[in-house]
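Text of final.txt, listed as compact mmCIF, C-alpha atoms and all ligand atoms:
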# COMPACT_ATOMS: atom_id res chain seq x y z
CA MET A 1 -18.51 40.63 -232.69
CA ILE A 2 -14.89 40.94 -233.84
CA GLU A 3 -15.28 44.72 -233.86
CA ALA A 4 -16.64 44.70 -230.31
CA THR A 5 -13.67 42.58 -229.23
CA ASP A 6 -11.25 44.99 -230.91
CA ARG A 7 -12.84 47.99 -229.22
CA LYS A 8 -12.68 46.26 -225.85
CA GLN A 9 -9.02 45.46 -226.50
CA GLU A 10 -8.17 49.08 -227.34
CA ALA A 11 -9.90 50.30 -224.19
CA ILE A 12 -7.98 47.77 -222.10
CA VAL A 13 -4.60 48.84 -223.52
CA ALA A 14 -5.50 52.47 -222.75
CA ASP A 15 -6.13 51.52 -219.09
CA PHE A 16 -2.41 50.75 -218.59
CA PRO A 17 -0.40 54.00 -218.54
CA ILE A 18 2.99 52.27 -218.87
CA LEU A 19 2.00 50.79 -222.24
CA ALA A 20 1.92 54.28 -223.75
CA LYS A 21 5.57 54.91 -222.85
CA LEU A 22 8.45 54.64 -225.28
CA THR A 23 11.77 52.95 -224.52
CA SER A 24 15.00 54.98 -224.35
CA ARG A 25 15.56 54.01 -228.02
CA GLY A 26 12.18 55.52 -228.92
CA LYS A 27 10.51 52.13 -229.47
CA ARG A 28 6.96 51.26 -228.44
CA LEU A 29 7.03 49.23 -225.23
CA VAL A 30 6.02 45.66 -226.08
CA TYR A 31 5.57 44.00 -222.72
CA LEU A 32 5.69 40.21 -223.04
CA ASP A 33 6.71 39.32 -219.48
CA SER A 34 3.43 39.16 -217.57
CA ALA A 35 4.19 35.67 -216.26
CA ALA A 36 6.92 37.36 -214.19
CA SER A 37 4.77 40.34 -213.21
CA SER A 38 1.82 42.07 -214.83
CA GLN A 39 1.42 45.76 -215.59
CA LYS A 40 -1.06 47.77 -213.50
CA PRO A 41 -4.19 49.55 -214.74
CA ARG A 42 -4.84 53.14 -213.69
CA ALA A 43 -7.65 51.99 -211.36
CA VAL A 44 -5.16 50.00 -209.25
CA ILE A 45 -2.58 52.78 -209.14
CA GLN A 46 -5.37 55.21 -208.18
CA ALA A 47 -6.59 52.89 -205.41
CA LEU A 48 -3.14 53.12 -203.79
CA VAL A 49 -3.10 56.92 -204.05
CA ASP A 50 -6.71 57.18 -202.76
CA TYR A 51 -5.94 54.99 -199.78
CA TYR A 52 -2.88 56.98 -198.73
CA GLU A 53 -4.57 60.33 -199.39
CA ASN A 54 -7.94 59.58 -197.76
CA ASP A 55 -8.07 56.47 -195.58
CA ASN A 56 -4.60 55.70 -194.22
CA ALA A 57 -4.58 54.35 -190.64
CA ASN A 58 -3.72 51.08 -188.93
CA ILE A 59 -6.56 48.59 -189.00
CA HIS A 60 -8.60 46.45 -186.58
CA ARG A 61 -7.74 48.14 -183.28
CA GLY A 62 -8.63 51.77 -184.01
CA VAL A 63 -11.90 53.13 -182.61
CA TYR A 64 -11.85 56.34 -184.63
CA GLU A 65 -13.60 56.81 -187.98
CA LEU A 66 -10.46 56.84 -190.13
CA ALA A 67 -9.24 53.50 -188.74
CA ALA A 68 -12.71 52.01 -189.21
CA ARG A 69 -12.66 53.12 -192.84
CA ALA A 70 -9.23 51.56 -193.43
CA THR A 71 -10.40 48.34 -191.76
CA ASP A 72 -13.56 48.20 -193.89
CA ALA A 73 -11.60 48.73 -197.11
CA PHE A 74 -9.05 46.07 -196.13
CA GLU A 75 -11.68 43.48 -195.19
CA SER A 76 -13.82 44.26 -198.20
CA ALA A 77 -10.78 43.58 -200.45
CA ARG A 78 -10.53 40.16 -198.79
CA ALA A 79 -14.20 39.54 -199.60
CA LYS A 80 -13.55 40.51 -203.23
CA VAL A 81 -10.73 37.97 -203.49
CA ALA A 82 -12.94 35.33 -201.84
CA ARG A 83 -15.66 35.95 -204.44
CA PHE A 84 -13.10 35.99 -207.27
CA VAL A 85 -11.98 32.42 -206.50
CA ASN A 86 -15.42 31.40 -205.18
CA ALA A 87 -14.31 30.57 -201.62
CA ALA A 88 -17.26 29.45 -199.49
CA ASP A 89 -16.22 31.79 -196.70
CA THR A 90 -14.22 35.07 -196.66
CA ALA A 91 -12.29 33.82 -193.60
CA GLU A 92 -10.72 31.18 -195.85
CA ILE A 93 -8.60 33.88 -197.53
CA ILE A 94 -5.34 34.67 -195.69
CA TRP A 95 -3.27 37.63 -196.89
CA THR A 96 0.37 36.82 -197.58
CA ARG A 97 3.17 38.68 -199.38
CA ASN A 98 2.94 36.42 -202.44
CA THR A 99 2.52 32.83 -203.64
CA THR A 100 5.86 31.86 -202.11
CA GLU A 101 4.85 32.96 -198.62
CA ALA A 102 1.45 31.27 -198.95
CA ILE A 103 3.14 27.94 -199.78
CA ASN A 104 5.62 28.38 -196.93
CA LEU A 105 2.71 29.03 -194.56
CA VAL A 106 1.25 25.63 -195.42
CA SER A 107 4.63 23.93 -195.25
CA PHE A 108 5.55 25.31 -191.83
CA SER A 109 2.11 25.17 -190.25
CA TRP A 110 0.20 22.24 -191.78
CA GLY A 111 3.30 20.33 -192.89
CA LEU A 112 5.24 20.29 -189.62
CA ALA A 113 2.06 19.35 -187.72
CA ASN A 114 0.99 16.54 -190.04
CA LEU A 115 4.01 14.83 -191.60
CA GLY A 116 6.51 12.35 -190.24
CA PRO A 117 8.71 9.43 -191.27
CA GLY A 118 6.84 7.00 -193.53
CA ASP A 119 4.68 9.78 -195.03
CA ALA A 120 5.20 11.19 -198.52
CA ILE A 121 4.72 14.49 -200.36
CA LEU A 122 3.91 14.29 -204.07
CA THR A 123 4.79 17.15 -206.41
CA THR A 124 5.70 17.31 -210.13
CA GLN A 125 8.77 17.77 -212.30
CA LEU A 126 7.39 21.11 -213.53
CA GLU A 127 7.43 23.12 -210.34
CA HIS A 128 8.70 26.63 -209.74
CA HIS A 129 11.30 26.68 -206.95
CA SER A 130 8.57 28.23 -204.75
CA ASN A 131 6.64 24.98 -204.87
CA LEU A 132 9.67 22.72 -204.55
CA VAL A 133 12.16 24.11 -202.04
CA PRO A 134 9.58 24.34 -199.18
CA TRP A 135 8.76 20.65 -199.66
CA GLN A 136 12.44 19.63 -199.80
CA LEU A 137 12.95 21.40 -196.49
CA LEU A 138 9.79 19.92 -194.99
CA ALA A 139 10.84 16.42 -196.07
CA ALA A 140 14.29 16.92 -194.52
CA LYS A 141 12.75 18.16 -191.25
CA THR A 142 10.07 15.51 -190.89
CA GLY A 143 11.65 12.46 -192.51
CA ALA A 144 8.88 12.39 -195.15
CA GLU A 145 9.71 11.27 -198.69
CA LEU A 146 9.42 13.67 -201.65
CA ARG A 147 8.11 12.18 -204.92
CA PHE A 148 7.55 13.60 -208.40
CA ILE A 149 4.91 13.11 -211.09
CA PRO A 150 6.96 12.95 -214.32
CA ALA A 151 6.37 15.38 -217.19
CA ASP A 152 6.92 14.77 -220.92
CA ARG A 153 8.71 17.07 -223.42
CA ASP A 154 5.60 19.28 -223.75
CA GLY A 155 5.19 19.62 -219.99
CA VAL A 156 2.24 17.24 -219.91
CA LEU A 157 2.10 15.25 -216.66
CA ALA A 158 2.30 11.45 -217.04
CA LEU A 159 -0.48 10.00 -214.88
CA GLU A 160 -0.12 6.26 -215.70
CA HIS A 161 1.50 5.54 -212.34
CA LEU A 162 -0.39 8.14 -210.30
CA ASP A 163 -2.04 5.64 -207.97
CA ASP A 164 1.32 3.98 -207.16
CA LEU A 165 2.89 7.40 -206.62
CA LEU A 166 0.03 8.31 -204.25
CA ALA A 167 0.62 5.41 -201.85
CA GLY A 168 1.39 6.89 -198.42
CA VAL A 169 1.09 10.48 -199.71
CA LYS A 170 -0.37 13.04 -197.28
CA LEU A 171 0.12 16.12 -199.45
CA VAL A 172 0.00 16.69 -203.21
CA ALA A 173 1.45 20.11 -204.17
CA LEU A 174 1.38 21.13 -207.81
CA ALA A 175 1.22 24.10 -210.14
CA HIS A 176 -2.04 24.66 -212.02
CA ILE A 177 -0.03 26.13 -214.93
CA SER A 178 3.70 25.72 -215.62
CA ASN A 179 5.40 29.12 -215.68
CA THR A 180 8.10 27.74 -217.99
CA ILE A 181 6.21 25.83 -220.69
CA GLY A 182 2.62 26.89 -220.13
CA SER A 183 1.10 23.42 -219.79
CA ILE A 184 -2.08 23.13 -217.71
CA ALA A 185 -2.31 20.39 -215.07
CA PRO A 186 -5.41 18.14 -215.23
CA LEU A 187 -6.53 19.15 -211.74
CA ASP A 188 -9.88 17.36 -212.04
CA VAL A 189 -8.16 13.98 -212.34
CA ILE A 190 -5.34 14.63 -209.87
CA VAL A 191 -7.46 16.17 -207.10
CA ALA A 192 -10.02 13.35 -207.20
CA ARG A 193 -7.36 10.63 -207.12
CA ALA A 194 -5.36 12.43 -204.40
CA HIS A 195 -8.47 12.76 -202.21
CA ALA A 196 -9.35 9.10 -202.81
CA ALA A 197 -5.85 8.25 -201.53
CA GLY A 198 -6.43 10.40 -198.43
CA ALA A 199 -4.11 13.26 -199.42
CA VAL A 200 -4.62 17.00 -199.09
CA VAL A 201 -4.04 19.06 -202.30
CA LEU A 202 -2.26 22.40 -202.55
CA VAL A 203 -2.38 24.21 -205.89
CA ASP A 204 0.19 26.83 -206.87
CA ALA A 205 -2.14 29.08 -208.86
CA ALA A 206 0.37 31.88 -209.49
CA GLN A 207 -0.11 31.47 -213.25
CA SER A 208 -3.79 30.49 -213.35
CA VAL A 209 -5.75 32.84 -211.07
CA PRO A 210 -4.64 35.89 -213.13
CA HIS A 211 -5.49 34.29 -216.47
CA MET A 212 -8.59 32.09 -216.27
CA PRO A 213 -11.67 31.59 -214.11
CA VAL A 214 -10.60 29.62 -211.02
CA ASP A 215 -13.24 28.22 -208.66
CA VAL A 216 -11.75 26.64 -205.54
CA GLN A 217 -14.99 24.85 -204.68
CA ALA A 218 -15.46 23.38 -208.15
CA LEU A 219 -11.81 22.28 -208.20
CA ASP A 220 -12.22 20.98 -204.62
CA VAL A 221 -8.63 21.97 -203.76
CA ASP A 222 -7.65 22.19 -200.09
CA PHE A 223 -5.14 25.03 -200.40
CA LEU A 224 -4.50 27.46 -203.25
CA ALA A 225 -1.78 30.13 -203.45
CA ALA A 226 -1.57 33.21 -205.71
CA SER A 227 0.25 36.55 -206.05
CA GLY A 228 -1.36 39.97 -206.53
CA HIS A 229 1.42 41.36 -208.73
CA LYS A 230 0.71 38.84 -211.51
CA MET A 231 -3.00 39.77 -211.65
CA CYS A 232 -2.84 43.54 -212.19
CA GLY A 233 -2.34 44.17 -208.45
CA PRO A 234 0.63 45.60 -206.59
CA THR A 235 3.74 43.76 -205.42
CA GLY A 236 3.94 42.67 -201.79
CA ILE A 237 0.45 41.16 -201.54
CA GLY A 238 -0.84 37.68 -202.29
CA PHE A 239 -3.12 35.18 -200.66
CA LEU A 240 -3.62 31.67 -199.45
CA TYR A 241 -7.03 30.02 -199.77
CA GLY A 242 -7.54 27.14 -197.37
CA LYS A 243 -10.60 25.06 -196.47
CA ARG A 244 -11.88 26.30 -193.13
CA ALA A 245 -11.61 22.97 -191.30
CA LEU A 246 -7.95 22.62 -192.27
CA LEU A 247 -7.08 26.22 -191.36
CA GLU A 248 -8.91 25.90 -188.02
CA ALA A 249 -6.85 22.85 -187.09
CA MET A 250 -3.50 24.39 -188.08
CA PRO A 251 -1.13 26.09 -185.65
CA PRO A 252 -0.13 29.71 -186.42
CA PHE A 253 2.77 30.33 -188.81
CA LEU A 254 4.10 33.76 -187.76
CA THR A 255 3.29 35.01 -184.28
CA GLY A 256 2.99 38.41 -182.57
CA GLY A 257 0.40 41.20 -182.64
CA ASP A 258 -3.04 40.87 -184.31
CA MET A 259 -3.01 37.06 -184.46
CA ILE A 260 -3.90 36.77 -180.76
CA LYS A 261 -7.13 36.66 -178.78
CA ARG A 262 -5.67 36.86 -175.28
CA VAL A 263 -2.07 37.02 -174.04
CA SER A 264 -0.75 36.53 -170.51
CA TYR A 265 2.90 36.36 -169.47
CA GLU A 266 2.68 32.59 -169.65
CA THR A 267 0.43 31.80 -172.58
CA THR A 268 -1.61 32.98 -175.56
CA THR A 269 -4.88 32.08 -177.20
CA TYR A 270 -5.12 32.74 -180.92
CA ASN A 271 -7.41 34.93 -182.97
CA GLU A 272 -10.16 33.61 -185.22
CA LEU A 273 -9.63 32.95 -188.89
CA PRO A 274 -8.32 34.58 -190.99
CA TRP A 275 -6.41 36.81 -188.54
CA LYS A 276 -4.79 33.84 -186.75
CA PHE A 277 -2.40 33.73 -189.70
CA GLU A 278 -1.84 37.49 -190.07
CA ALA A 279 0.71 38.54 -187.44
CA GLY A 280 1.75 42.19 -187.28
CA THR A 281 0.53 45.14 -189.32
CA SER A 282 -0.68 43.88 -192.67
CA ASN A 283 0.10 45.29 -196.09
CA ILE A 284 -3.10 47.31 -195.95
CA ALA A 285 -2.69 49.56 -198.99
CA ASP A 286 -1.65 46.77 -201.32
CA ALA A 287 -4.46 44.48 -200.17
CA ILE A 288 -6.97 47.26 -200.95
CA ALA A 289 -5.35 47.84 -204.35
CA LEU A 290 -5.51 44.10 -205.05
CA GLY A 291 -9.24 44.42 -204.37
CA ALA A 292 -9.30 47.11 -207.10
CA ALA A 293 -7.42 44.73 -209.45
CA VAL A 294 -10.01 42.02 -208.79
CA ASP A 295 -12.80 44.53 -209.57
CA TYR A 296 -11.01 45.46 -212.78
CA LEU A 297 -10.56 41.84 -213.93
CA SER A 298 -14.12 40.92 -212.90
CA ASP A 299 -15.56 43.83 -214.91
CA ILE A 300 -13.72 42.61 -218.00
CA GLY A 301 -14.63 39.00 -217.21
CA MET A 302 -12.19 36.13 -216.69
CA ASP A 303 -13.83 34.16 -219.52
CA TRP A 304 -12.91 37.02 -221.86
CA VAL A 305 -9.35 37.12 -220.48
CA ARG A 306 -8.87 33.40 -221.10
CA ALA A 307 -10.46 33.52 -224.58
CA HIS A 308 -8.30 36.52 -225.49
CA GLU A 309 -5.13 34.77 -224.37
CA ILE A 310 -6.02 31.67 -226.39
CA ARG A 311 -6.47 33.93 -229.46
CA ILE A 312 -3.13 35.70 -228.96
CA THR A 313 -1.31 32.45 -228.14
CA ALA A 314 -2.71 30.72 -231.25
CA TYR A 315 -1.59 33.67 -233.37
CA ALA A 316 1.87 33.70 -231.74
CA LEU A 317 2.33 29.94 -232.13
CA ALA A 318 1.48 30.17 -235.84
CA GLN A 319 3.92 33.07 -236.37
CA LEU A 320 6.68 31.40 -234.38
CA ARG A 321 6.24 28.11 -236.25
CA ALA A 322 6.88 29.94 -239.49
CA PHE A 323 10.27 30.75 -237.97
CA GLU A 324 11.14 27.13 -237.19
CA SER A 325 12.98 26.66 -240.50
CA ARG A 326 15.39 29.36 -239.27
CA GLY A 327 16.29 27.36 -236.16
CA LEU A 328 13.59 28.50 -233.75
CA ALA A 329 12.56 25.83 -231.22
CA VAL A 330 9.19 26.40 -229.51
CA TYR A 331 8.40 24.41 -226.37
CA GLY A 332 5.16 23.30 -224.73
CA PRO A 333 1.80 21.88 -225.88
CA PRO A 334 1.18 22.52 -229.60
CA ARG A 335 -2.45 23.77 -229.32
CA ALA A 336 -3.25 27.16 -227.77
CA GLU A 337 -6.40 25.70 -226.15
CA ASP A 338 -4.27 23.24 -224.17
CA ARG A 339 -1.90 25.78 -222.73
CA ALA A 340 -1.54 29.17 -221.17
CA GLY A 341 -0.14 32.27 -222.86
CA VAL A 342 3.42 31.43 -221.86
CA ILE A 343 5.74 30.44 -224.72
CA SER A 344 9.35 29.39 -224.14
CA PHE A 345 11.68 29.23 -227.12
CA ASN A 346 15.29 29.23 -228.30
CA LEU A 347 16.71 30.55 -231.58
CA GLY A 348 19.53 28.45 -233.02
CA ASP A 349 22.36 28.28 -230.54
CA ILE A 350 22.01 31.91 -229.48
CA HIS A 351 22.03 32.07 -225.69
CA ALA A 352 18.59 33.09 -224.43
CA HIS A 353 20.10 36.10 -222.60
CA ASP A 354 21.71 37.39 -225.81
CA LEU A 355 18.45 36.84 -227.67
CA ALA A 356 16.45 38.72 -225.00
CA SER A 357 18.97 41.61 -225.15
CA ILE A 358 18.50 41.96 -228.89
CA LEU A 359 14.71 41.83 -228.54
CA ASP A 360 15.03 44.56 -225.93
CA THR A 361 16.68 46.89 -228.44
CA GLU A 362 13.36 46.65 -230.35
CA GLY A 363 11.33 47.43 -227.21
CA VAL A 364 10.27 43.80 -226.78
CA CYS A 365 10.48 42.64 -223.15
CA VAL A 366 10.85 38.87 -222.72
CA ARG A 367 12.39 36.93 -219.86
CA ALA A 368 15.42 34.68 -220.34
CA GLY A 369 16.97 32.08 -218.08
CA HIS A 370 15.77 29.15 -216.02
CA HIS A 371 12.51 30.79 -214.89
CA CYS A 372 13.03 29.47 -211.34
CA THR A 373 12.66 25.89 -212.61
CA MET A 374 16.28 24.71 -212.62
CA PRO A 375 15.53 20.96 -212.25
CA LEU A 376 13.07 21.13 -215.17
CA MET A 377 15.60 22.92 -217.40
CA GLU A 378 18.17 20.28 -216.58
CA LYS A 379 15.71 17.45 -217.28
CA MET A 380 14.83 19.00 -220.67
CA GLY A 381 18.48 19.72 -221.50
CA TRP A 382 17.86 23.45 -221.99
CA PRO A 383 20.62 25.67 -220.56
CA ALA A 384 18.07 28.52 -220.71
CA THR A 385 15.04 29.62 -222.71
CA ALA A 386 13.59 32.94 -223.77
CA ARG A 387 9.96 33.26 -222.66
CA ALA A 388 7.21 35.47 -224.03
CA SER A 389 4.07 35.65 -221.93
CA PHE A 390 0.80 37.37 -222.72
CA TYR A 391 -1.97 39.06 -220.78
CA LEU A 392 -5.21 40.86 -221.44
CA TYR A 393 -3.44 43.98 -222.75
CA ASN A 394 -1.35 42.20 -225.40
CA THR A 395 -2.34 42.45 -229.07
CA GLU A 396 -1.48 40.77 -232.34
CA GLU A 397 0.63 43.85 -233.00
CA ASP A 398 2.76 42.88 -229.99
CA VAL A 399 3.27 39.42 -231.49
CA ASP A 400 4.23 41.02 -234.82
CA ALA A 401 6.79 43.15 -232.96
CA LEU A 402 8.23 39.99 -231.38
CA ILE A 403 8.56 38.33 -234.80
CA HIS A 404 10.14 41.47 -236.27
CA ALA A 405 12.66 41.55 -233.39
CA LEU A 406 13.42 37.85 -233.93
CA GLU A 407 14.15 38.67 -237.60
CA LYS A 408 16.64 41.23 -236.39
CA ALA A 409 18.27 38.71 -234.02
CA ALA A 410 18.50 36.17 -236.85
CA GLN A 411 20.27 38.77 -238.98
CA VAL A 412 22.66 39.82 -236.21
CA PHE A 413 23.60 36.18 -235.63
CA ARG A 414 23.60 35.42 -239.37
CA LEU A 415 20.95 32.71 -239.16
CA THR A 416 19.32 33.79 -242.41
N1 LIG B 1 4.78 29.62 -208.79
C1 LIG B 1 4.72 29.90 -210.10
C2 LIG B 1 4.13 28.89 -211.04
C3 LIG B 1 5.19 31.12 -210.56
O1 LIG B 1 5.15 31.41 -211.86
C4 LIG B 1 5.72 32.05 -209.64
C5 LIG B 1 6.28 33.39 -210.08
N2 LIG B 1 7.10 33.33 -211.21
C6 LIG B 1 5.74 31.70 -208.28
C7 LIG B 1 5.25 30.47 -207.91
C8 LIG B 1 6.28 32.62 -207.26
O2 LIG B 1 5.53 33.80 -207.18
P1 LIG B 1 5.98 34.95 -206.19
O3 LIG B 1 7.40 35.28 -206.56
O4 LIG B 1 5.04 36.05 -206.47
O5 LIG B 1 5.89 34.39 -204.82

For this file, write the structure as structure tokens.
Ligand code: PMP
Amino acid sequence: MIEATDRKQEAIVADFPILAKLTSRGKRLVYLDSAASSQKPRAVIQALVDYYENDNANIHRGVYELAARATDAFESARAKVARFVNAADTAEIIWTRNTTEAINLVSFSWGLANLGPGDAILTTQLEHHSNLVPWQLLAAKTGAELRFIPADRDGVLALEHLDDLLAGVKLVALAHISNTIGSIAPLDVIVARAHAAGAVVLVDAAQSVPHMPVDVQALDVDFLAASGHKMCGPTGIGFLYGKRALLEAMPPFLTGGDMIKRVSYETTTYNELPWKFEAGTSNIADAIALGAAVDYLSDIGMDWVRAHEIRITAYALAQLRAFESRGLAVYGPPRAEDRAGVISFNLGDIHAHDLASILDTEGVCVRAGHHCTMPLMEKMGWPATARASFYLYNTEEDVDALIHALEKAAQVFRLT
């Protein structure tokens, strides 16, 4: 069993051409920044090349064979994404550039149409700026109040006062997984209580859809946003899932070509779902390549991806803890099973940017800074953290390389 897992792991690493490259210092590339963006397997890169070499044409309006082929590939990628998150209906998947645009779509379309003074939006203290700034702006525009579910030191949401916080709330918007400390939100509890209070729930799934099985019907979420580039797909493509009845009732977000049914000089009727929300020429090639990424992940199996990340995270947590006596602080839930493969840390009083630069000299890529969660960093009292994040192609060897690079940093800064 272990051997089979090892063989699968080796085959996965070999699927990602960039992982075979050396850094300019001749080091093996140890990519521990998949929470920011994942690497791409050959099948995804090839899907882009194949599209441009064989099928490239604008979609939907063309009557010729080439345009029909491009349209079929584009719409079949949408169906793949729908199956991947178990949407009841392919028309519930709207292509966007990324998670950020998907959240803005809901804010501008659903939010402006449904919120007013006296209403409230409930989010959490853990959110990425993408799932905070749109709601600040919406609250300012509509007169709605913005409230926060508090989080503890490990990034665990405090739900004792959830029912009080939900009074008057029309929208709950929260991240499934914190991109800074890796905690996982108890969506089962929050979604049920939000619905009981009459609120609609939007989940920022930027860090969950790439890393674990996500079933929008089982979770019973109303909206869910994700980015292709974090799930082995290209940049510039992401999606919004929305329940059909909500999407049907919403006004368009962006307007222009493709999202119309009929236009006169005076007025316009809008296209059916999902195209009502897809104005202008879509990012056809990247949508098709995201379909290839979904095929790739589905072939491996999202249960395997999650189990693998728990294994690597458990190993990393154990190795990092052995470093605690040397001044390493590790943040987030203590048990790998309770968190995602995202580990934020600081070493002594070394600034996270300096630490990341030293790790880089050893070929180890980690992110450093506020991770687009400035209010959370301020609340925790962390000027910055270094963050290692894992994906299906990371190995225990990568974790060992991280620990070795931390040894070097400790020596450089004389922490030993
Ligand atoms: N939400 C979370 C939790 C994220 O981790 C990220 C990306 N770091 C985003 C939203 C924004 O994703 P994108 O930049 O692809 O829109």

Could you produce a table of the residues of chain A lying within 6 Å of ligand LIG 1 (chain B), with the nearest pair of atoms per residue and their separation in Å rounded to one decimal, using only C-alpha atoms and all ligand atoms, ordered by chain and increasing residue number, as a Markdown table?
| residue | atom | partner | partner_atom | distance |
| --- | --- | --- | --- | --- |
| A:Ala36 | CA | B:LIG1 | N2 | 5.0 |
| A:Asn98 | CA | B:LIG1 | O5 | 4.3 |
| A:Thr99 | CA | B:LIG1 | O5 | 3.9 |
| A:Thr100 | CA | B:LIG1 | O5 | 3.7 |
| A:His128 | CA | B:LIG1 | N1 | 5.0 |
| A:Ser130 | CA | B:LIG1 | C7 | 5.1 |
| A:Ala175 | CA | B:LIG1 | C2 | 5.7 |
| A:Ser178 | CA | B:LIG1 | C2 | 5.6 |
| A:Asn179 | CA | B:LIG1 | O1 | 4.5 |
| A:Asp204 | CA | B:LIG1 | N1 | 5.7 |
| A:Ala206 | CA | B:LIG1 | C1 | 4.8 |
| A:Gln207 | CA | B:LIG1 | C2 | 5.4 |
| A:Ser227 | CA | B:LIG1 | O4 | 4.8 |

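You will find CA of Asn58 in chain A at 13.4 Å from CA of Ala279 in chain A.
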
Non-local contacts of Ala352 in chain A (10 Å; all atoms listed in the file; under 3 positions in same chain excluded) as a PDB file with C-alpha atoms, in the coordinates of the input:
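The result, stored in result-v3.pdb:
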ATOM      1  CA  SER A 344       9.350  29.390-224.140  1.00  0.00           C
ATOM      2  CA  PHE A 345      11.680  29.230-227.120  1.00  0.00           C
ATOM      3  CA  ASN A 346      15.290  29.230-228.300  1.00  0.00           C
ATOM      4  CA  LEU A 347      16.710  30.550-231.580  1.00  0.00           C
ATOM      5  CA  GLY A 348      19.530  28.450-233.020  1.00  0.00           C
ATOM      6  CA  ASP A 349      22.360  28.280-230.540  1.00  0.00           C
ATOM      7  CA  LEU A 355      18.450  36.840-227.670  1.00  0.00           C
ATOM      8  CA  ALA A 356      16.450  38.720-225.000  1.00  0.00           C
ATOM      9  CA  SER A 357      18.970  41.610-225.150  1.00  0.00           C
ATOM     10  CA  ILE A 358      18.500  41.960-228.890  1.00  0.00           C
ATOM     11  CA  VAL A 366      10.850  38.870-222.720  1.00  0.00           C
ATOM     12  CA  ARG A 367      12.390  36.930-219.860  1.00  0.00           C
ATOM     13  CA  ALA A 368      15.420  34.680-220.340  1.00  0.00           C
ATOM     14  CA  GLY A 369      16.970  32.080-218.080  1.00  0.00           C
ATOM     15  CA  HIS A 370      15.770  29.150-216.020  1.00  0.00           C
ATOM     16  CA  TRP A 382      17.860  23.450-221.990  1.00  0.00           C
ATOM     17  CA  PRO A 383      20.620  25.670-220.560  1.00  0.00           C
ATOM     18  CA  ALA A 384      18.070  28.520-220.710  1.00  0.00           C
ATOM     19  CA  THR A 385      15.040  29.620-222.710  1.00  0.00           C
ATOM     20  CA  ALA A 386      13.590  32.940-223.770  1.00  0.00           C
ATOM     21  CA  ARG A 387       9.960  33.260-222.660  1.00  0.00           C
TER      22      ARG A 387
END

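One distance worth recording is that between CA of Arg147 in chain A and CA of Ile181 in chain A, which is 20.9 Å.
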
For range 335-340 of chain A: contacts at 9 Å, only C-alpha atoms, fewer than 3 positions along chain excluded, given as a PyMOL selection string: chain A and resi 177-179+181-184+207-208+211+306-307+309-315+317+332+343+389-390

Sphere at (-11.2, 27.0, -198.9), radius 10 Å, counting all atoms listed in the file: residues as a ChimeraX atom specification: /A:82,85-93,216-217,220-224,240-247

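Between Phe277 in chain A and the residues A:Leu122, A:Leu19, A:Ile300, A:Leu105, the shortest atom-to-atom distance, using only C-alpha atoms, involves A:Leu105.
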
Residues near range 65-71 of chain A, cut-off 8 Å, all atoms listed in the file, skip fewer than 3 positions along chain, as a ChimeraX atom specification: /A:51,55-62,74-75,284

At most 10 Å from (-3.6, 23.2, -189.2), file frame, only C-alpha atoms: which residues, as an mmCIF file with C-alpha atoms, in the frame of the given file?
data_model
loop_
_atom_site.group_PDB
_atom_site.id
_atom_site.type_symbol
_atom_site.label_atom_id
_atom_site.label_comp_id
_atom_site.auth_asym_id
_atom_site.auth_seq_id
_atom_site.Cartn_x
_atom_site.Cartn_y
_atom_site.Cartn_z
ATOM 1 C CA VAL A 106 1.250 25.630 -195.420
ATOM 2 C CA PHE A 108 5.550 25.310 -191.830
ATOM 3 C CA SER A 109 2.110 25.170 -190.250
ATOM 4 C CA TRP A 110 0.200 22.240 -191.780
ATOM 5 C CA GLY A 111 3.300 20.330 -192.890
ATOM 6 C CA LEU A 112 5.240 20.290 -189.620
ATOM 7 C CA ALA A 113 2.060 19.350 -187.720
ATOM 8 C CA ASN A 114 0.990 16.540 -190.040
ATOM 9 C CA GLY A 242 -7.540 27.140 -197.370
ATOM 10 C CA ARG A 244 -11.880 26.300 -193.130
ATOM 11 C CA ALA A 245 -11.610 22.970 -191.300
ATOM 12 C CA LEU A 246 -7.950 22.620 -192.270
ATOM 13 C CA LEU A 247 -7.080 26.220 -191.360
ATOM 14 C CA GLU A 248 -8.910 25.900 -188.020
ATOM 15 C CA ALA A 249 -6.850 22.850 -187.090
ATOM 16 C CA MET A 250 -3.500 24.390 -188.080
ATOM 17 C CA PRO A 251 -1.130 26.090 -185.650
ATOM 18 C CA PRO A 252 -0.130 29.710 -186.420
ATOM 19 C CA PHE A 253 2.770 30.330 -188.810
#

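Between Gly198 in chain A and the candidates A:Leu254, A:Ala120, A:Ile260, A:Asn394, the tightest atom-to-atom separation, counting all atoms listed in the file, involves A:Ala120.
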
Nearby residues (all atoms listed in the file) at most 7 Å from range 133-145 of chain A, same-chain spacing under 5 positions excluded, as a PyMOL selection string: chain A and resi 104+107+111-112+115-121

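Among A:Gly233, A:Glu160, A:Leu22, A:Ala173, the residue with the shortest atom-to-atom distance to Ala292 in chain A, counting all atoms listed in the file, is A:Gly233.
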
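Atom pair CA of Ala401 in chain A / CA of Leu359 in chain A: separated by 9.2 Å.
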
Contact residues around Gly301 in chain A with only C-alpha atoms at 12 Å, ignoring same-chain residues under 4 positions, as a PyMOL selection string: chain A and resi 8+84+210-214+294-297+305-308+392

Counting all atoms listed in the file, the residue of A:Ile288, A:Leu273, A:Ala77, A:Met231 that sits nearest Ser37 in chain A: A:Met231

Residue with smallest distance to Thr373 in chain A - pool A:Trp275, A:Ala289, A:Gln125, A:Thr255, counting all atoms listed in the file: A:Gln125
